Every structure is written in structure tokens, then in C-alpha cells.
Amino acid sequence: MFKDASMNENPAEFGVNLALAIATKYPWGIAFTTATQGFTSAETLKFFFDNFPHMCAWLGDNTVTKFLFATTRQAYSVAKVHGVWHYVTATGVCAVDAGATIAVDGVTPTVKPAAGDIVICLYELSSAPT
């Protein structure tokens with residue numbers, strides 16, 4: 001919700017009300033633990049990117065093995081793909097897929113996702129989003 005314009009010398013300045021939600025897990029589904037992150041809930045997480053960050057997810061169909069990025073959303077480089085996660089619907093467990101094959105045009109999970117599974121990827125874009 002926007003607040004009224006400020007009453008100082010900068011008429012273009014405006015305020016915004018923010019209501020932060022408390023999360024207990026990452027957007028890709030892995031829960032925070034005291035042993036791993038040092039906390040069990042957070043309002044913000046700190047990430048540093050050199051380029052435009054982008055996160056996408058695909059729904060598995062037990063057929064597709066490589067999941068492609070949109071042609072306008074290619075990865076900056078293989079080194080700028082920060083993670084691939086596989087959510088297994090049957091077990092309700094999301095885990096890092098450390099063995100996934102990574103390319104600038106997409107990712108190939110270690111295990112072919114079953115129908116209903118979700119593959120999530122966090123990476124940096126090669127150019128500004130259009």
C-alpha cells in the first residue's frame with residue numbers, strides 16, 4: 001500500500017508499507033533447521049547475484065529428461081546456476097540434486113522426475129529479462 005507523498009524537498013519520494021511473512025522453508029521446499037541454517041524461521045534470506053536472478057520450476061511427466069530455460073531467459077553461464085532441486089510428490093520430500101547436468105539452456109536431473117514431481121532451478125540470467 002502506498003503512503004502519501006513525503007513533505008520534504010523531493011516530491012517524487014513516496015513511502016511503501018511492507019508486511020514481511022515469516023517462512024519456515026526455502027521457496028523450493030527444504031525446511032530450515034537449526035543444525036544446517038542456524039534458524040528454523042526467517043523473514044528474509046540473503047543472496048548475492050552478479051546478474052539478474054531467476055527461479056523457475058517444471059512439472060515432471062515421467063517422460064521429459066531435460067528441462068529447458070525459455071529462449072529469452074538463458075543462464076549467464078553454467079557457473080551461475082546456483083542450484084537444482086527435485087521435489088518428489090510421492091514422498092513429499094525436496095532435496096538438492098547435486099548430480100544434475102547443468103547447461104546454459106537448461107538442466108537434466110539425475111533421476112527422471114515422475115509424473116507430478118517438480119524440478120526447481122535458481123540461476124542468473126544472461127541478459128535483462130524482457
# chains A, B, ... in the order shown; residues from 1 in each chain; ligands from 1

$ residues_around --residues "Thr63 (chain A)" --least-positions-apart "6" --cutoff "12 Å" --atoms "only C-alpha atoms" --output "PyMOL selection string"
chain A and resi 111-117

$ select_by_dssp --residues "region 7-74 of chain A" --states "strand (DSSP E)" --output "PyMOL selection string"
chain A and resi 14-16+53-59+67-68

$ residues_around --residues "Thr72 (chain A)" --least-positions-apart "3" --cutoff "9 Å" --atoms "only C-alpha atoms" --output "mmCIF file with N, CA, C and O atoms, in the first residue's frame"
data_model
loop_
_atom_site.group_PDB
_atom_site.id
_atom_site.type_symbol
_atom_site.label_atom_id
_atom_site.label_comp_id
_atom_site.auth_asym_id
_atom_site.auth_seq_id
_atom_site.Cartn_x
_atom_site.Cartn_y
_atom_site.Cartn_z
ATOM 1 N N PHE A 69 15.336 -23.827 -20.273
ATOM 2 C CA PHE A 69 15.008 -22.450 -19.927
ATOM 3 C C PHE A 69 14.374 -21.809 -21.156
ATOM 4 O O PHE A 69 14.667 -22.212 -22.291
ATOM 5 N N LEU A 125 20.400 -14.842 -15.064
ATOM 6 C CA LEU A 125 20.091 -14.667 -16.482
ATOM 7 C C LEU A 125 21.275 -14.102 -17.259
ATOM 8 O O LEU A 125 22.089 -13.342 -16.721
ATOM 9 N N SER A 126 21.335 -14.438 -18.550
ATOM 10 C CA SER A 126 22.402 -13.940 -19.413
ATOM 11 C C SER A 126 22.178 -12.483 -19.822
ATOM 12 O O SER A 126 23.103 -11.794 -20.213
ATOM 13 N N SER A 127 20.928 -12.021 -19.730
ATOM 14 C CA SER A 127 20.617 -10.636 -20.065
ATOM 15 C C SER A 127 19.383 -10.207 -19.279
ATOM 16 O O SER A 127 18.691 -11.044 -18.691
ATOM 17 N N PRO A 129 15.767 -9.387 -18.151
ATOM 18 C CA PRO A 129 14.515 -10.001 -18.585
ATOM 19 C C PRO A 129 13.733 -9.070 -19.506
ATOM 20 O O PRO A 129 13.749 -7.860 -19.340
ATOM 21 N N THR A 130 13.067 -9.666 -20.474
ATOM 22 C CA THR A 130 12.272 -8.866 -21.415
ATOM 23 C C THR A 130 10.805 -9.173 -21.255
ATOM 24 O O THR A 130 10.412 -10.158 -20.705
#

$ residues_around --residues "Pro109 (chain A)" --least-positions-apart "3" --cutoff "9 Å" --atoms "only C-alpha atoms" --output "list of chain:residue names"
A:Thr65, A:Lys66, A:Phe67, A:Val84, A:Trp85, A:His86, A:Asp97, A:Ala98, A:Gly99, A:Ala100, A:Thr101, A:Ile102, A:Lys112, A:Pro113, A:Val119

$ closest_residue --among "A:Cys94, A:Val107, A:Ala23, A:Ala75" --to "Phe52 (chain A)" --atoms "only C-alpha atoms"
A:Ala75

$ residues_around --residues "region 29-46 of chain A" --least-positions-apart "3" --cutoff "9 Å" --atoms "only C-alpha atoms" --output "number ranges by chain"
A: 20-26, 85, 87, 93-96

$ write_last_selection --atoms "all heavy atoms" --output "mmCIF file, in the first residue's frame"
data_model
loop_
_atom_site.group_PDB
_atom_site.id
_atom_site.type_symbol
_atom_site.label_atom_id
_atom_site.label_comp_id
_atom_site.auth_asym_id
_atom_site.auth_seq_id
_atom_site.Cartn_x
_atom_site.Cartn_y
_atom_site.Cartn_z
ATOM 1 N N LEU A 20 6.237 -8.291 5.988
ATOM 2 C CA LEU A 20 7.048 -9.463 5.697
ATOM 3 C C LEU A 20 6.408 -10.705 6.297
ATOM 4 O O LEU A 20 5.945 -10.690 7.433
ATOM 5 C CB LEU A 20 8.455 -9.287 6.262
ATOM 6 C CG LEU A 20 9.234 -8.087 5.714
ATOM 7 C CD1 LEU A 20 10.575 -7.973 6.417
ATOM 8 C CD2 LEU A 20 9.429 -8.219 4.227
ATOM 9 N N ALA A 21 6.392 -11.757 5.546
ATOM 10 C CA ALA A 21 5.849 -13.024 6.023
ATOM 11 C C ALA A 21 6.980 -13.874 6.579
ATOM 12 O O ALA A 21 8.092 -13.868 6.055
ATOM 13 C CB ALA A 21 5.151 -13.760 4.886
ATOM 14 N N ILE A 22 6.719 -14.589 7.619
ATOM 15 C CA ILE A 22 7.716 -15.481 8.197
ATOM 16 C C ILE A 22 7.639 -16.817 7.468
ATOM 17 O O ILE A 22 6.574 -17.408 7.328
ATOM 18 C CB ILE A 22 7.487 -15.665 9.708
ATOM 19 C CG1 ILE A 22 7.675 -14.316 10.413
ATOM 20 C CG2 ILE A 22 8.425 -16.713 10.270
ATOM 21 C CD1 ILE A 22 7.342 -14.344 11.892
ATOM 22 N N ALA A 23 8.787 -17.278 6.972
ATOM 23 C CA ALA A 23 8.860 -18.553 6.261
ATOM 24 C C ALA A 23 9.624 -19.566 7.103
ATOM 25 O O ALA A 23 10.508 -19.206 7.880
ATOM 26 C CB ALA A 23 9.564 -18.358 4.923
ATOM 27 N N THR A 24 9.292 -20.825 6.934
ATOM 28 C CA THR A 24 9.989 -21.903 7.641
ATOM 29 C C THR A 24 10.768 -22.796 6.682
ATOM 30 O O THR A 24 11.365 -23.782 7.108
ATOM 31 C CB THR A 24 8.992 -22.765 8.441
ATOM 32 O OG1 THR A 24 8.014 -23.276 7.538
ATOM 33 C CG2 THR A 24 8.314 -21.939 9.526
ATOM 34 N N LYS A 25 10.736 -22.454 5.378
ATOM 35 C CA LYS A 25 11.472 -23.238 4.392
ATOM 36 C C LYS A 25 11.809 -22.372 3.189
ATOM 37 O O LYS A 25 11.250 -21.294 2.997
ATOM 38 C CB LYS A 25 10.679 -24.463 3.971
ATOM 39 C CG LYS A 25 9.320 -24.157 3.373
ATOM 40 C CD LYS A 25 8.542 -25.431 3.116
ATOM 41 C CE LYS A 25 7.147 -25.118 2.638
ATOM 42 N NZ LYS A 25 6.372 -26.332 2.398
ATOM 43 N N TYR A 26 12.734 -22.842 2.393
ATOM 44 C CA TYR A 26 13.101 -22.165 1.158
ATOM 45 C C TYR A 26 11.963 -22.264 0.151
ATOM 46 O O TYR A 26 11.103 -23.145 0.265
ATOM 47 C CB TYR A 26 14.353 -22.823 0.553
ATOM 48 C CG TYR A 26 15.623 -22.554 1.311
ATOM 49 C CD1 TYR A 26 16.177 -23.530 2.134
ATOM 50 C CD2 TYR A 26 16.274 -21.335 1.201
ATOM 51 C CE1 TYR A 26 17.348 -23.290 2.830
ATOM 52 C CE2 TYR A 26 17.447 -21.085 1.888
ATOM 53 C CZ TYR A 26 17.985 -22.063 2.710
ATOM 54 O OH TYR A 26 19.145 -21.818 3.388
ATOM 55 N N TRP A 85 16.814 -28.497 -7.564
ATOM 56 C CA TRP A 85 16.146 -29.272 -6.522
ATOM 57 C C TRP A 85 15.073 -30.132 -7.160
ATOM 58 O O TRP A 85 14.487 -29.769 -8.173
ATOM 59 C CB TRP A 85 15.517 -28.347 -5.480
ATOM 60 C CG TRP A 85 16.533 -27.538 -4.762
ATOM 61 C CD1 TRP A 85 17.149 -27.851 -3.579
ATOM 62 C CD2 TRP A 85 17.069 -26.272 -5.149
ATOM 63 N NE1 TRP A 85 18.030 -26.864 -3.224
ATOM 64 C CE2 TRP A 85 18.012 -25.881 -4.170
ATOM 65 C CE3 TRP A 85 16.865 -25.439 -6.245
ATOM 66 C CZ2 TRP A 85 18.724 -24.692 -4.244
ATOM 67 C CZ3 TRP A 85 17.579 -24.255 -6.326
ATOM 68 C CH2 TRP A 85 18.500 -23.888 -5.332
ATOM 69 N N TYR A 87 11.588 -32.093 -6.117
ATOM 70 C CA TYR A 87 10.529 -32.377 -5.154
ATOM 71 C C TYR A 87 9.814 -33.643 -5.613
ATOM 72 O O TYR A 87 9.265 -33.692 -6.708
ATOM 73 C CB TYR A 87 9.536 -31.212 -5.058
ATOM 74 C CG TYR A 87 8.361 -31.513 -4.166
ATOM 75 C CD1 TYR A 87 8.487 -31.406 -2.789
ATOM 76 C CD2 TYR A 87 7.148 -31.932 -4.692
ATOM 77 C CE1 TYR A 87 7.415 -31.699 -1.952
ATOM 78 C CE2 TYR A 87 6.072 -32.224 -3.875
ATOM 79 C CZ TYR A 87 6.216 -32.107 -2.500
ATOM 80 O OH TYR A 87 5.159 -32.405 -1.683
ATOM 81 N N VAL A 93 9.130 -35.033 -0.216
ATOM 82 C CA VAL A 93 10.484 -34.603 0.141
ATOM 83 C C VAL A 93 11.116 -33.840 -1.022
ATOM 84 O O VAL A 93 11.051 -34.273 -2.172
ATOM 85 C CB VAL A 93 11.365 -35.822 0.507
ATOM 86 C CG1 VAL A 93 12.809 -35.406 0.736
ATOM 87 C CG2 VAL A 93 10.805 -36.527 1.731
ATOM 88 N N CYS A 94 11.756 -32.720 -0.693
ATOM 89 C CA CYS A 94 12.506 -31.933 -1.669
ATOM 90 C C CYS A 94 13.976 -32.009 -1.292
ATOM 91 O O CYS A 94 14.333 -31.825 -0.132
ATOM 92 C CB CYS A 94 12.036 -30.481 -1.658
ATOM 93 S SG CYS A 94 12.829 -29.478 -2.937
ATOM 94 N N ALA A 95 14.833 -32.301 -2.271
ATOM 95 C CA ALA A 95 16.261 -32.427 -1.993
ATOM 96 C C ALA A 95 17.075 -31.780 -3.107
ATOM 97 O O ALA A 95 16.625 -31.680 -4.247
ATOM 98 C CB ALA A 95 16.637 -33.900 -1.859
ATOM 99 N N VAL A 96 18.280 -31.364 -2.753
ATOM 100 C CA VAL A 96 19.216 -30.827 -3.728
ATOM 101 C C VAL A 96 19.592 -31.944 -4.689
ATOM 102 O O VAL A 96 19.871 -33.074 -4.266
ATOM 103 C CB VAL A 96 20.483 -30.296 -3.023
ATOM 104 C CG1 VAL A 96 21.537 -29.871 -4.031
ATOM 105 C CG2 VAL A 96 20.151 -29.157 -2.091
#

$ residues_around --residues "Asp50 (chain A)" --least-positions-apart "5" --cutoff "12 Å" --atoms "only C-alpha atoms" --output "PDB file with N, CA and C atoms, in the first residue's frame"
ATOM      1  N   TYR A  76      23.406 -17.210 -17.553  1.00  0.00           N
ATOM      2  CA  TYR A  76      24.597 -16.432 -17.890  1.00  0.00           C
ATOM      3  C   TYR A  76      25.759 -17.374 -18.190  1.00  0.00           C
ATOM      4  N   SER A  77      25.924 -18.386 -17.370  1.00  0.00           N
ATOM      5  CA  SER A  77      26.945 -19.418 -17.563  1.00  0.00           C
ATOM      6  C   SER A  77      26.576 -20.606 -16.683  1.00  0.00           C
ATOM      7  N   ALA A  79      28.368 -21.800 -14.405  1.00  0.00           N
ATOM      8  CA  ALA A  79      28.778 -21.447 -13.040  1.00  0.00           C
ATOM      9  C   ALA A  79      27.733 -20.594 -12.322  1.00  0.00           C
ATOM     10  N   LYS A  80      26.846 -19.955 -13.068  1.00  0.00           N
ATOM     11  CA  LYS A  80      25.828 -19.088 -12.470  1.00  0.00           C
ATOM     12  C   LYS A  80      24.495 -19.801 -12.245  1.00  0.00           C
ATOM     13  N   VAL A  81      24.487 -21.119 -12.386  1.00  0.00           N
ATOM     14  CA  VAL A  81      23.322 -21.915 -11.986  1.00  0.00           C
ATOM     15  C   VAL A  81      23.581 -22.306 -10.537  1.00  0.00           C
ATOM     16  N   HIS A  82      22.797 -21.761  -9.628  1.00  0.00           N
ATOM     17  CA  HIS A  82      23.081 -21.891  -8.200  1.00  0.00           C
ATOM     18  C   HIS A  82      22.483 -23.119  -7.536  1.00  0.00           C
ATOM     19  N   TYR A 123      19.008 -19.603 -10.938  1.00  0.00           N
ATOM     20  CA  TYR A 123      20.165 -19.248 -11.749  1.00  0.00           C
ATOM     21  C   TYR A 123      20.158 -17.764 -12.085  1.00  0.00           C
ATOM     22  N   GLU A 124      21.241 -17.303 -12.705  1.00  0.00           N
ATOM     23  CA  GLU A 124      21.364 -15.919 -13.132  1.00  0.00           C
ATOM     24  C   GLU A 124      21.170 -15.838 -14.642  1.00  0.00           C
ATOM     25  N   LEU A 125      20.400 -14.842 -15.064  1.00  0.00           N
ATOM     26  CA  LEU A 125      20.091 -14.667 -16.482  1.00  0.00           C
ATOM     27  C   LEU A 125      21.275 -14.102 -17.259  1.00  0.00           C
ATOM     28  N   SER A 126      21.335 -14.438 -18.550  1.00  0.00           N
ATOM     29  CA  SER A 126      22.402 -13.940 -19.413  1.00  0.00           C
ATOM     30  C   SER A 126      22.178 -12.483 -19.822  1.00  0.00           C
ATOM     31  N   SER A 127      20.928 -12.021 -19.730  1.00  0.00           N
ATOM     32  CA  SER A 127      20.617 -10.636 -20.065  1.00  0.00           C
ATOM     33  C   SER A 127      19.383 -10.207 -19.279  1.00  0.00           C
ATOM     34  N   ALA A 128      19.124  -8.931 -19.290  1.00  0.00           N
ATOM     35  CA  ALA A 128      17.962  -8.402 -18.556  1.00  0.00           C
ATOM     36  C   ALA A 128      16.689  -9.064 -19.056  1.00  0.00           C
TER      37      ALA A 128
END

$ atom_distance --atom1 "CA of Asn51 (chain A)" --atom2 "CA of Ile118 (chain A)"
25.1 Å

$ decode --residues "chain A" --atoms "C-alpha atoms" --output "compact mmCIF listing (two decimals), in the first residue's frame"
# COMPACT_ATOMS: atom_id res chain seq x y z
CA MET A 1 0.00 0.00 0.00
CA PHE A 2 1.42 3.38 -0.95
CA LYS A 3 1.55 6.18 1.59
CA ASP A 4 1.03 9.85 0.83
CA ALA A 5 3.94 11.65 -0.82
CA SER A 6 6.58 12.96 1.54
CA MET A 7 6.55 16.57 2.65
CA ASN A 8 10.27 17.19 2.04
CA GLU A 9 12.09 18.79 -0.91
CA ASN A 10 11.72 15.64 -3.04
CA PRO A 11 8.10 15.45 -4.25
CA ALA A 12 8.81 12.20 -6.15
CA GLU A 13 9.67 10.37 -2.93
CA PHE A 14 7.00 8.09 -1.54
CA GLY A 15 6.70 5.51 1.19
CA VAL A 16 5.53 1.93 0.99
CA ASN A 17 4.13 -0.29 3.74
CA LEU A 18 5.70 -3.73 3.74
CA ALA A 19 4.41 -6.73 5.63
CA LEU A 20 7.05 -9.46 5.70
CA ALA A 21 5.85 -13.02 6.02
CA ILE A 22 7.72 -15.48 8.20
CA ALA A 23 8.86 -18.55 6.26
CA THR A 24 9.99 -21.90 7.64
CA LYS A 25 11.47 -23.24 4.39
CA TYR A 26 13.10 -22.17 1.16
CA PRO A 27 10.89 -21.48 -1.90
CA TRP A 28 11.96 -24.87 -3.27
CA GLY A 29 10.59 -26.66 -0.22
CA ILE A 30 13.55 -27.53 2.02
CA ALA A 31 12.80 -26.65 5.64
CA PHE A 32 15.18 -24.53 7.72
CA THR A 33 16.87 -26.41 10.58
CA THR A 34 18.91 -25.19 13.50
CA ALA A 35 21.63 -27.71 12.62
CA THR A 36 22.00 -26.56 8.97
CA GLN A 37 21.00 -22.88 8.76
CA GLY A 38 21.12 -22.00 12.45
CA PHE A 39 17.44 -20.99 12.48
CA THR A 40 14.01 -22.51 11.88
CA SER A 41 12.20 -19.44 10.52
CA ALA A 42 13.13 -16.25 8.69
CA GLU A 43 11.61 -13.11 7.21
CA THR A 44 14.40 -12.52 4.69
CA LEU A 45 17.27 -14.51 3.19
CA LYS A 46 20.48 -13.01 1.88
CA PHE A 47 21.59 -13.95 -1.63
CA PHE A 48 24.19 -12.19 -3.77
CA PHE A 49 23.99 -12.18 -7.56
CA ASP A 50 26.19 -10.60 -10.21
CA ASN A 51 23.40 -10.75 -12.80
CA PHE A 52 19.61 -10.93 -12.83
CA PRO A 53 18.40 -13.78 -10.57
CA HIS A 54 15.69 -16.08 -11.87
CA MET A 55 13.93 -19.11 -10.44
CA CYS A 56 11.81 -21.49 -12.45
CA ALA A 57 10.10 -24.82 -11.92
CA TRP A 58 8.85 -27.59 -14.15
CA LEU A 59 6.25 -30.27 -13.55
CA GLY A 60 7.56 -33.77 -14.23
CA ASP A 61 5.63 -36.10 -16.54
CA ASN A 62 7.78 -39.29 -16.33
CA THR A 63 8.89 -38.62 -19.94
CA VAL A 64 10.94 -35.40 -20.22
CA THR A 65 14.53 -35.71 -19.03
CA LYS A 66 15.94 -32.25 -19.87
CA PHE A 67 14.14 -29.15 -18.72
CA LEU A 68 14.84 -26.10 -20.89
CA PHE A 69 15.01 -22.45 -19.93
CA ALA A 70 12.97 -20.06 -22.06
CA THR A 71 14.99 -18.75 -25.02
CA THR A 72 14.74 -15.23 -23.55
CA ARG A 73 15.85 -16.49 -20.09
CA GLN A 74 19.06 -18.44 -20.72
CA ALA A 75 21.64 -18.83 -17.93
CA TYR A 76 24.60 -16.43 -17.89
CA SER A 77 26.94 -19.42 -17.56
CA VAL A 78 26.99 -22.91 -16.08
CA ALA A 79 28.78 -21.45 -13.04
CA LYS A 80 25.83 -19.09 -12.47
CA VAL A 81 23.32 -21.92 -11.99
CA HIS A 82 23.08 -21.89 -8.20
CA GLY A 83 21.04 -24.98 -7.59
CA VAL A 84 18.69 -27.66 -8.83
CA TRP A 85 16.15 -29.27 -6.52
CA HIS A 86 13.82 -32.21 -7.05
CA TYR A 87 10.53 -32.38 -5.15
CA VAL A 88 9.21 -35.95 -5.09
CA THR A 89 5.44 -35.83 -4.79
CA ALA A 90 5.11 -39.43 -3.60
CA THR A 91 7.23 -38.79 -0.50
CA GLY A 92 6.70 -35.05 -0.05
CA VAL A 93 10.48 -34.60 0.14
CA CYS A 94 12.51 -31.93 -1.67
CA ALA A 95 16.26 -32.43 -1.99
CA VAL A 96 19.22 -30.83 -3.73
CA ASP A 97 20.05 -32.60 -6.99
CA ALA A 98 23.83 -32.22 -6.80
CA GLY A 99 24.36 -34.57 -9.74
CA ALA A 100 22.12 -32.73 -12.20
CA THR A 101 23.67 -31.94 -15.58
CA ILE A 102 23.70 -28.17 -16.00
CA ALA A 103 23.84 -26.21 -19.26
CA VAL A 104 23.13 -22.59 -20.16
CA ASP A 105 19.91 -23.68 -21.89
CA GLY A 106 18.52 -25.96 -19.16
CA VAL A 107 19.06 -28.75 -16.64
CA THR A 108 18.87 -32.53 -16.70
CA PRO A 109 18.06 -34.00 -13.28
CA THR A 110 19.98 -37.06 -12.07
CA VAL A 111 16.73 -39.04 -11.91
CA LYS A 112 13.88 -38.60 -14.39
CA PRO A 113 11.03 -36.89 -12.48
CA ALA A 114 7.87 -38.95 -12.11
CA ALA A 115 4.50 -37.51 -13.09
CA GLY A 116 3.67 -34.78 -10.58
CA ASP A 117 7.24 -34.30 -9.32
CA ILE A 118 8.69 -30.79 -9.52
CA VAL A 119 12.15 -29.70 -10.67
CA ILE A 120 13.26 -26.26 -9.41
CA CYS A 121 16.26 -24.23 -10.59
CA LEU A 122 17.79 -20.97 -9.34
CA TYR A 123 20.17 -19.25 -11.75
CA GLU A 124 21.36 -15.92 -13.13
CA LEU A 125 20.09 -14.67 -16.48
CA SER A 126 22.40 -13.94 -19.41
CA SER A 127 20.62 -10.64 -20.06
CA ALA A 128 17.96 -8.40 -18.56
CA PRO A 129 14.52 -10.00 -18.58
CA THR A 130 12.27 -8.87 -21.41
